[in-house]
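Have a look at protein-v8.tsv; it's TSV, N, CA and C atoms:
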```
chain	number	residue	atom	x	y	z
A	7	MET	N	11.78	7.41	-3.33
A	7	MET	CA	12.00	8.54	-2.46
A	7	MET	C	12.07	8.01	-1.03
A	8	ARG	N	13.12	8.36	-0.30
A	8	ARG	CA	13.27	7.91	1.08
A	8	ARG	C	12.37	8.74	1.97
A	9	VAL	N	11.71	8.06	2.89
A	9	VAL	CA	10.84	8.74	3.84
A	9	VAL	C	11.66	9.05	5.08
A	10	SER	N	11.73	10.32	5.48
A	10	SER	CA	12.59	10.69	6.61
A	10	SER	C	11.82	11.11	7.85
A	11	ASP	N	10.52	11.26	7.76
A	11	ASP	CA	9.78	11.73	8.93
A	11	ASP	C	9.06	10.60	9.66
A	12	VAL	N	9.49	9.35	9.42
A	12	VAL	CA	8.91	8.19	10.10
A	12	VAL	C	9.97	7.62	11.02
A	13	ARG	N	9.61	7.39	12.28
A	13	ARG	CA	10.57	6.87	13.25
A	13	ARG	C	10.43	5.36	13.38
A	14	CYS	N	11.39	4.62	12.85
A	14	CYS	CA	11.43	3.17	13.02
A	14	CYS	C	12.84	2.70	12.69
A	15	ASN	N	13.09	1.42	12.87
A	15	ASN	CA	14.43	0.88	12.66
A	15	ASN	C	14.62	0.30	11.27
A	16	TYR	N	13.71	0.54	10.36
A	16	TYR	CA	13.77	-0.03	9.03
A	16	TYR	C	13.74	1.07	7.99
A	17	ALA	N	14.34	0.78	6.84
A	17	ALA	CA	14.27	1.73	5.73
A	17	ALA	C	12.88	1.68	5.13
A	18	ILE	N	12.30	2.82	4.91
A	18	ILE	CA	10.97	2.92	4.32
A	18	ILE	C	11.09	3.78	3.06
A	19	TRP	N	10.51	3.30	1.97
A	19	TRP	CA	10.56	4.00	0.70
A	19	TRP	C	9.17	4.19	0.16
A	20	THR	N	8.98	5.23	-0.58
A	20	THR	CA	7.70	5.48	-1.25
A	20	THR	C	7.99	5.73	-2.73
A	21	ALA	N	7.08	5.34	-3.58
A	21	ALA	CA	7.28	5.50	-5.02
A	21	ALA	C	7.16	6.96	-5.45
A	22	GLY	N	6.58	7.80	-4.62
A	22	GLY	CA	6.44	9.22	-4.97
A	22	GLY	C	5.55	9.94	-3.98
A	23	ASP	N	5.44	11.24	-4.14
A	23	ASP	CA	4.55	12.02	-3.29
A	23	ASP	C	3.11	11.66	-3.57
A	24	TYR	N	2.33	11.55	-2.52
A	24	TYR	CA	0.91	11.24	-2.67
A	24	TYR	C	0.18	12.52	-3.04
A	25	SER	N	0.39	12.93	-4.30
A	25	SER	CA	-0.25	14.14	-4.81
A	25	SER	C	-0.35	14.02	-6.33
A	26	GLY	N	-1.06	14.91	-6.93
A	26	GLY	CA	-1.14	14.96	-8.39
A	26	GLY	C	-1.61	13.68	-9.03
A	27	LYS	N	-0.92	13.27	-10.10
A	27	LYS	CA	-1.32	12.10	-10.88
A	27	LYS	C	-1.27	10.81	-10.05
A	28	LEU	N	-0.24	10.67	-9.20
A	28	LEU	CA	-0.14	9.46	-8.37
A	28	LEU	C	-1.32	9.36	-7.42
A	29	SER	N	-1.66	10.46	-6.77
A	29	SER	CA	-2.80	10.48	-5.86
A	29	SER	C	-4.10	10.12	-6.59
A	30	ASN	N	-4.29	10.73	-7.75
A	30	ASN	CA	-5.50	10.44	-8.54
A	30	ASN	C	-5.57	8.98	-8.94
A	31	ALA	N	-4.45	8.42	-9.39
A	31	ALA	CA	-4.42	7.02	-9.82
A	31	ALA	C	-4.74	6.09	-8.65
A	32	ILE	N	-4.19	6.36	-7.48
A	32	ILE	CA	-4.45	5.51	-6.31
A	32	ILE	C	-5.91	5.60	-5.91
A	33	LYS	N	-6.48	6.79	-5.96
A	33	LYS	CA	-7.90	6.94	-5.62
A	33	LYS	C	-8.79	6.20	-6.62
A	34	ILE	N	-8.41	6.24	-7.88
A	34	ILE	CA	-9.18	5.50	-8.89
A	34	ILE	C	-9.08	4.00	-8.59
A	35	MET	N	-7.88	3.52	-8.26
A	35	MET	CA	-7.70	2.10	-7.94
A	35	MET	C	-8.58	1.69	-6.77
A	36	LYS	N	-8.69	2.55	-5.78
A	36	LYS	CA	-9.44	2.21	-4.57
A	36	LYS	C	-10.94	2.34	-4.74
A	37	TYR	N	-11.38	3.41	-5.36
A	37	TYR	CA	-12.79	3.75	-5.33
A	37	TYR	C	-13.55	3.52	-6.63
A	38	ARG	N	-12.83	3.42	-7.73
A	38	ARG	CA	-13.46	3.08	-9.02
A	38	ARG	C	-12.59	2.03	-9.70
A	39	PRO	N	-12.58	0.82	-9.13
A	39	PRO	CA	-11.63	-0.19	-9.59
A	39	PRO	C	-11.73	-0.46	-11.08
A	40	SER	N	-10.57	-0.49	-11.69
A	40	SER	CA	-10.47	-0.79	-13.11
A	40	SER	C	-9.10	-1.40	-13.36
A	41	LYS	N	-9.07	-2.54	-14.02
A	41	LYS	CA	-7.79	-3.17	-14.31
A	41	LYS	C	-6.98	-2.33	-15.29
A	42	ARG	N	-7.64	-1.46	-16.04
A	42	ARG	CA	-6.93	-0.61	-17.01
A	42	ARG	C	-5.94	0.32	-16.33
A	43	ILE	N	-6.22	0.75	-15.11
A	43	ILE	CA	-5.33	1.69	-14.43
A	43	ILE	C	-3.98	1.04	-14.10
A	44	TRP	N	-3.99	-0.28	-13.91
A	44	TRP	CA	-2.75	-0.96	-13.54
A	44	TRP	C	-1.69	-0.86	-14.62
A	45	LYS	N	-2.10	-0.82	-15.88
A	45	LYS	CA	-1.09	-0.73	-16.95
A	45	LYS	C	-0.34	0.59	-16.87
A	46	HIS	N	-0.90	1.60	-16.20
A	46	HIS	CA	-0.23	2.89	-16.00
A	46	HIS	C	0.56	2.92	-14.70
A	47	ILE	N	0.09	2.20	-13.70
A	47	ILE	CA	0.73	2.23	-12.38
A	47	ILE	C	1.99	1.37	-12.34
A	48	ILE	N	1.94	0.18	-12.93
A	48	ILE	CA	3.07	-0.76	-12.82
A	48	ILE	C	4.36	-0.17	-13.40
A	49	PRO	N	4.36	0.45	-14.59
A	49	PRO	CA	5.61	1.06	-15.07
A	49	PRO	C	6.14	2.16	-14.14
A	50	PHE	N	5.24	2.94	-13.55
A	50	PHE	CA	5.63	3.98	-12.60
A	50	PHE	C	6.30	3.33	-11.38
A	51	LEU	N	5.70	2.26	-10.88
A	51	LEU	CA	6.25	1.54	-9.74
A	51	LEU	C	7.62	0.95	-10.08
A	52	GLU	N	7.71	0.34	-11.25
A	52	GLU	CA	8.97	-0.27	-11.66
A	52	GLU	C	10.08	0.78	-11.77
A	53	LYS	N	9.76	1.92	-12.34
A	53	LYS	CA	10.76	3.00	-12.47
A	53	LYS	C	11.21	3.48	-11.09
A	54	ALA	N	10.26	3.66	-10.18
A	54	ALA	CA	10.60	4.12	-8.82
A	54	ALA	C	11.47	3.10	-8.10
A	55	LEU	N	11.15	1.83	-8.26
A	55	LEU	CA	11.94	0.79	-7.59
A	55	LEU	C	13.36	0.72	-8.14
A	56	LYS	N	13.48	0.82	-9.46
A	56	LYS	CA	14.81	0.76	-10.08
A	56	LYS	C	15.65	1.98	-9.70
A	57	SER	N	15.02	3.16	-9.64
A	57	SER	CA	15.78	4.38	-9.32
A	57	SER	C	16.24	4.37	-7.86
A	58	GLY	N	15.54	3.64	-7.00
A	58	GLY	CA	15.93	3.57	-5.60
A	58	GLY	C	16.95	2.49	-5.31
A	59	ASN	N	17.28	1.66	-6.34
A	59	ASN	CA	18.23	0.57	-6.16
A	59	ASN	C	17.88	-0.23	-4.90
A	60	LEU	N	16.64	-0.66	-4.82
A	60	LEU	CA	16.12	-1.30	-3.62
A	60	LEU	C	16.21	-2.81	-3.67
A	61	SER	N	16.22	-3.40	-2.49
A	61	SER	CA	16.09	-4.84	-2.35
A	61	SER	C	15.33	-5.08	-1.05
A	62	ALA	N	14.71	-6.24	-0.95
A	62	ALA	CA	13.97	-6.58	0.26
A	62	ALA	C	13.89	-8.09	0.37
A	63	ASP	N	13.92	-8.57	1.60
A	63	ASP	CA	13.75	-10.01	1.83
A	63	ASP	C	12.30	-10.41	1.64
A	64	VAL	N	11.41	-9.54	2.09
A	64	VAL	CA	9.98	-9.85	2.02
A	64	VAL	C	9.18	-8.56	1.87
A	65	ILE	N	8.10	-8.65	1.11
A	65	ILE	CA	7.18	-7.53	0.94
A	65	ILE	C	5.87	-7.94	1.60
A	66	ILE	N	5.38	-7.10	2.51
A	66	ILE	CA	4.18	-7.40	3.28
A	66	ILE	C	3.15	-6.31	3.03
A	67	PRO	N	1.98	-6.67	2.50
A	67	PRO	CA	0.95	-5.65	2.27
A	67	PRO	C	0.22	-5.28	3.55
A	68	VAL	N	-0.30	-4.07	3.61
A	68	VAL	CA	-1.17	-3.66	4.70
A	68	VAL	C	-2.57	-4.14	4.34
A	69	PRO	N	-3.15	-5.00	5.16
A	69	PRO	CA	-4.45	-5.58	4.79
A	69	PRO	C	-5.62	-4.64	5.05
A	70	ILE	N	-6.68	-4.87	4.28
A	70	ILE	CA	-7.95	-4.25	4.60
A	70	ILE	C	-8.82	-5.34	5.22
A	71	HIS	N	-9.84	-4.95	5.93
A	71	HIS	CA	-10.71	-5.93	6.57
A	71	HIS	C	-11.43	-6.75	5.49
A	72	ALA	N	-11.67	-8.01	5.77
A	72	ALA	CA	-12.31	-8.92	4.80
A	72	ALA	C	-13.63	-8.37	4.28
A	73	GLU	N	-14.37	-7.72	5.16
A	73	GLU	CA	-15.66	-7.13	4.77
A	73	GLU	C	-15.47	-6.05	3.68
A	74	ARG	N	-14.47	-5.20	3.86
A	74	ARG	CA	-14.20	-4.14	2.88
A	74	ARG	C	-13.65	-4.74	1.58
A	75	GLU	N	-12.83	-5.78	1.71
A	75	GLU	CA	-12.29	-6.41	0.51
A	75	GLU	C	-13.40	-7.08	-0.30
A	76	ARG	N	-14.36	-7.68	0.37
A	76	ARG	CA	-15.50	-8.27	-0.34
A	76	ARG	C	-16.29	-7.20	-1.09
A	77	LYS	N	-16.51	-6.06	-0.44
A	77	LYS	CA	-17.24	-4.96	-1.10
A	77	LYS	C	-16.48	-4.43	-2.31
A	78	ARG	N	-15.18	-4.20	-2.13
A	78	ARG	CA	-14.36	-3.59	-3.17
A	78	ARG	C	-13.99	-4.62	-4.24
A	79	GLY	N	-13.83	-5.87	-3.82
A	79	GLY	CA	-13.46	-6.92	-4.76
A	79	GLY	C	-11.97	-7.21	-4.81
A	80	PHE	N	-11.17	-6.42	-4.12
A	80	PHE	CA	-9.72	-6.61	-4.11
A	80	PHE	C	-9.11	-5.71	-3.04
A	81	ASN	N	-7.85	-5.94	-2.74
A	81	ASN	CA	-7.07	-5.08	-1.85
A	81	ASN	C	-5.93	-4.50	-2.68
A	82	GLN	N	-5.97	-3.21	-2.96
A	82	GLN	CA	-4.96	-2.60	-3.81
A	82	GLN	C	-3.56	-2.73	-3.21
A	83	ALA	N	-3.43	-2.73	-1.90
A	83	ALA	CA	-2.11	-2.89	-1.27
A	83	ALA	C	-1.55	-4.28	-1.55
A	84	GLU	N	-2.41	-5.28	-1.60
A	84	GLU	CA	-1.97	-6.63	-1.91
A	84	GLU	C	-1.46	-6.71	-3.35
A	85	ILE	N	-2.19	-6.10	-4.27
A	85	ILE	CA	-1.77	-6.10	-5.68
A	85	ILE	C	-0.43	-5.39	-5.84
A	86	ILE	N	-0.28	-4.24	-5.20
A	86	ILE	CA	0.96	-3.48	-5.29
A	86	ILE	C	2.10	-4.26	-4.64
A	87	ALA	N	1.84	-4.89	-3.49
A	87	ALA	CA	2.89	-5.66	-2.80
A	87	ALA	C	3.33	-6.86	-3.64
A	88	ARG	N	2.38	-7.57	-4.24
A	88	ARG	CA	2.74	-8.72	-5.09
A	88	ARG	C	3.60	-8.27	-6.27
A	89	GLU	N	3.20	-7.17	-6.89
A	89	GLU	CA	3.94	-6.66	-8.05
A	89	GLU	C	5.32	-6.17	-7.62
A	90	THR	N	5.40	-5.51	-6.47
A	90	THR	CA	6.69	-5.05	-5.95
A	90	THR	C	7.61	-6.23	-5.68
A	91	ALA	N	7.08	-7.28	-5.05
A	91	ALA	CA	7.88	-8.47	-4.79
A	91	ALA	C	8.39	-9.08	-6.09
A	92	ARG	N	7.52	-9.14	-7.10
A	92	ARG	CA	7.92	-9.68	-8.40
A	92	ARG	C	9.05	-8.84	-9.01
A	93	LEU	N	8.88	-7.52	-8.99
A	93	LEU	CA	9.86	-6.63	-9.61
A	93	LEU	C	11.21	-6.66	-8.88
A	94	LEU	N	11.17	-6.88	-7.57
A	94	LEU	CA	12.40	-6.92	-6.77
A	94	LEU	C	12.95	-8.33	-6.61
A	95	ASN	N	12.23	-9.30	-7.18
A	95	ASN	CA	12.60	-10.70	-7.00
A	95	ASN	C	12.69	-11.04	-5.51
A	96	SER	N	11.70	-10.58	-4.76
A	96	SER	CA	11.62	-10.79	-3.31
A	96	SER	C	10.46	-11.72	-2.99
A	97	ASN	N	10.38	-12.09	-1.74
A	97	ASN	CA	9.26	-12.89	-1.27
A	97	ASN	C	8.08	-11.99	-0.97
A	98	TYR	N	6.90	-12.53	-1.18
A	98	TYR	CA	5.66	-11.85	-0.81
A	98	TYR	C	5.03	-12.65	0.31
A	99	SER	N	4.57	-11.97	1.35
A	99	SER	CA	3.93	-12.70	2.44
A	99	SER	C	2.86	-11.82	3.11
A	100	PRO	N	1.61	-12.27	3.08
A	100	PRO	CA	0.55	-11.53	3.77
A	100	PRO	C	0.53	-11.90	5.25
A	101	LEU	N	1.52	-11.42	6.00
A	101	LEU	CA	1.69	-11.79	7.40
A	101	LEU	C	0.67	-11.16	8.34
A	102	LEU	N	0.11	-10.05	7.94
A	102	LEU	CA	-0.82	-9.34	8.81
A	102	LEU	C	-2.27	-9.64	8.43
A	103	GLU	N	-3.13	-9.54	9.41
A	103	GLU	CA	-4.57	-9.66	9.17
A	103	GLU	C	-5.25	-8.51	9.89
A	104	ARG	N	-6.17	-7.87	9.23
A	104	ARG	CA	-6.95	-6.81	9.88
A	104	ARG	C	-8.13	-7.50	10.54
A	105	VAL	N	-8.14	-7.53	11.86
A	105	VAL	CA	-9.15	-8.30	12.59
A	105	VAL	C	-10.39	-7.49	12.94
A	106	PHE	N	-10.26	-6.17	12.92
A	106	PHE	CA	-11.41	-5.31	13.20
A	106	PHE	C	-11.61	-4.34	12.04
A	107	PRO	N	-12.84	-4.16	11.60
A	107	PRO	CA	-13.07	-3.15	10.56
A	107	PRO	C	-12.86	-1.77	11.17
A	108	THR	N	-12.35	-0.86	10.39
A	108	THR	CA	-12.11	0.50	10.87
A	108	THR	C	-12.82	1.49	9.96
A	109	THR	N	-12.95	2.70	10.45
A	109	THR	CA	-13.46	3.79	9.64
A	109	THR	C	-12.43	4.06	8.54
A	110	PRO	N	-12.85	4.34	7.31
A	110	PRO	CA	-11.87	4.68	6.28
A	110	PRO	C	-10.97	5.84	6.72
A	111	GLN	N	-9.68	5.74	6.42
A	111	GLN	CA	-8.70	6.73	6.85
A	111	GLN	C	-8.89	8.07	6.13
A	112	ALA	N	-9.42	8.04	4.92
A	112	ALA	CA	-9.60	9.28	4.14
A	112	ALA	C	-10.43	10.27	4.93
A	113	GLY	N	-9.93	11.47	5.05
A	113	GLY	CA	-10.66	12.53	5.74
A	113	GLY	C	-10.36	12.63	7.22
A	114	LEU	N	-9.62	11.65	7.78
A	114	LEU	CA	-9.29	11.70	9.21
A	114	LEU	C	-8.00	12.49	9.43
A	115	SER	N	-7.89	13.12	10.60
A	115	SER	CA	-6.65	13.81	10.96
A	115	SER	C	-5.57	12.77	11.26
A	116	GLU	N	-4.33	13.21	11.36
A	116	GLU	CA	-3.23	12.29	11.66
A	116	GLU	C	-3.47	11.58	13.00
A	117	THR	N	-3.92	12.32	14.00
A	117	THR	CA	-4.20	11.73	15.31
A	117	THR	C	-5.32	10.71	15.22
A	118	ASP	N	-6.40	11.06	14.53
A	118	ASP	CA	-7.53	10.14	14.39
A	118	ASP	C	-7.14	8.90	13.59
A	119	ARG	N	-6.25	9.04	12.64
A	119	ARG	CA	-5.77	7.88	11.87
A	119	ARG	C	-5.05	6.90	12.78
A	120	LYS	N	-4.20	7.44	13.66
A	120	LYS	CA	-3.46	6.58	14.59
A	120	LYS	C	-4.42	5.86	15.53
A	121	ILE	N	-5.37	6.58	16.06
A	121	ILE	CA	-6.36	5.98	16.97
A	121	ILE	C	-7.17	4.92	16.24
A	122	ASN	N	-7.53	5.20	15.00
A	122	ASN	CA	-8.34	4.30	14.19
A	122	ASN	C	-7.66	2.94	14.01
A	123	LEU	N	-6.34	2.90	14.01
A	123	LEU	CA	-5.60	1.67	13.72
A	123	LEU	C	-5.21	0.87	14.96
A	124	ILE	N	-5.49	1.40	16.14
A	124	ILE	CA	-5.11	0.68	17.37
A	124	ILE	C	-5.84	-0.67	17.42
A	125	LYS	N	-5.04	-1.71	17.57
A	125	LYS	CA	-5.52	-3.09	17.75
A	125	LYS	C	-6.34	-3.63	16.60
A	126	CYS	N	-6.21	-3.09	15.41
A	126	CYS	CA	-7.01	-3.61	14.30
A	126	CYS	C	-6.26	-4.70	13.53
A	127	PHE	N	-4.95	-4.89	13.80
A	127	PHE	CA	-4.17	-5.89	13.08
A	127	PHE	C	-3.81	-7.07	13.97
A	128	SER	N	-3.65	-8.21	13.36
A	128	SER	CA	-3.16	-9.43	14.02
A	128	SER	C	-2.14	-10.04	13.10
A	129	ASP	N	-1.21	-10.75	13.67
A	129	ASP	CA	-0.23	-11.44	12.80
A	129	ASP	C	-0.37	-12.94	12.94
```

How does the structure come out when it is put into structure tokens?
Amino acid sequence: MRVSDVRCNYAIWTAGDYSGKLSNAIKIMKYRPSKRIWKHIIPFLEKALKSGNLSADVIIPVPIHAERERKRGFNQAEIIARETARLLNSNYSPLLERVFPTTPQAGLSETDRKINLIKCFSD
């Protein structure tokens, strides 16, 4: 699904609306990690990528702070980015680093989310 309400010079795609089953699956991946959920997510991702006829030179995950990754044990965006790169036969590169821990975005307003992310990344 093409995202049309984001202003930038690049094409941005999403695998689906962040609601219903997709929303629940992502929350499970983040907050109750289980490798079993991936067997359900990867086919959904593959179908979305194929239906969008997409290609990319490089796939870059949005990092979480090292402290949060240690607590959680993984970064779901990294797993999704690696799998997306594999499915698209693209390069994967973790070019960004989150240098400051931030408040979790869940529950924040759109404005507070933007403020929360100011200066938290480094390349």

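Closest approach to Lys36 of chain A among A:Ile66, A:Gly58, A:Phe80, A:Lys53: A:Phe80, based on only C-alpha atoms.
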
Considering only N, CA and C atoms, can you say which of A:Ser25, A:Tyr37, A:Lys45, A:Arg119 comes closest to Arg78 of chain A? A:Tyr37

Picked from chain A by DSSP as strand (DSSP E), as a ChimeraX atom specification: /A:64-65,97-98,103-104,127-128

Residues around (8.0, -9.8, 4.5), cut-off 12 Å, counting only C-alpha atoms - what are they as a count of residues only? 20

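Take atom C of Leu55 of chain A and atom C of Ile70 of chain A: the distance between them is 26.6 Å.
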
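Going from atom N of Ser115 of chain A to atom N of Ile85 of chain A covers 25.0 Å.
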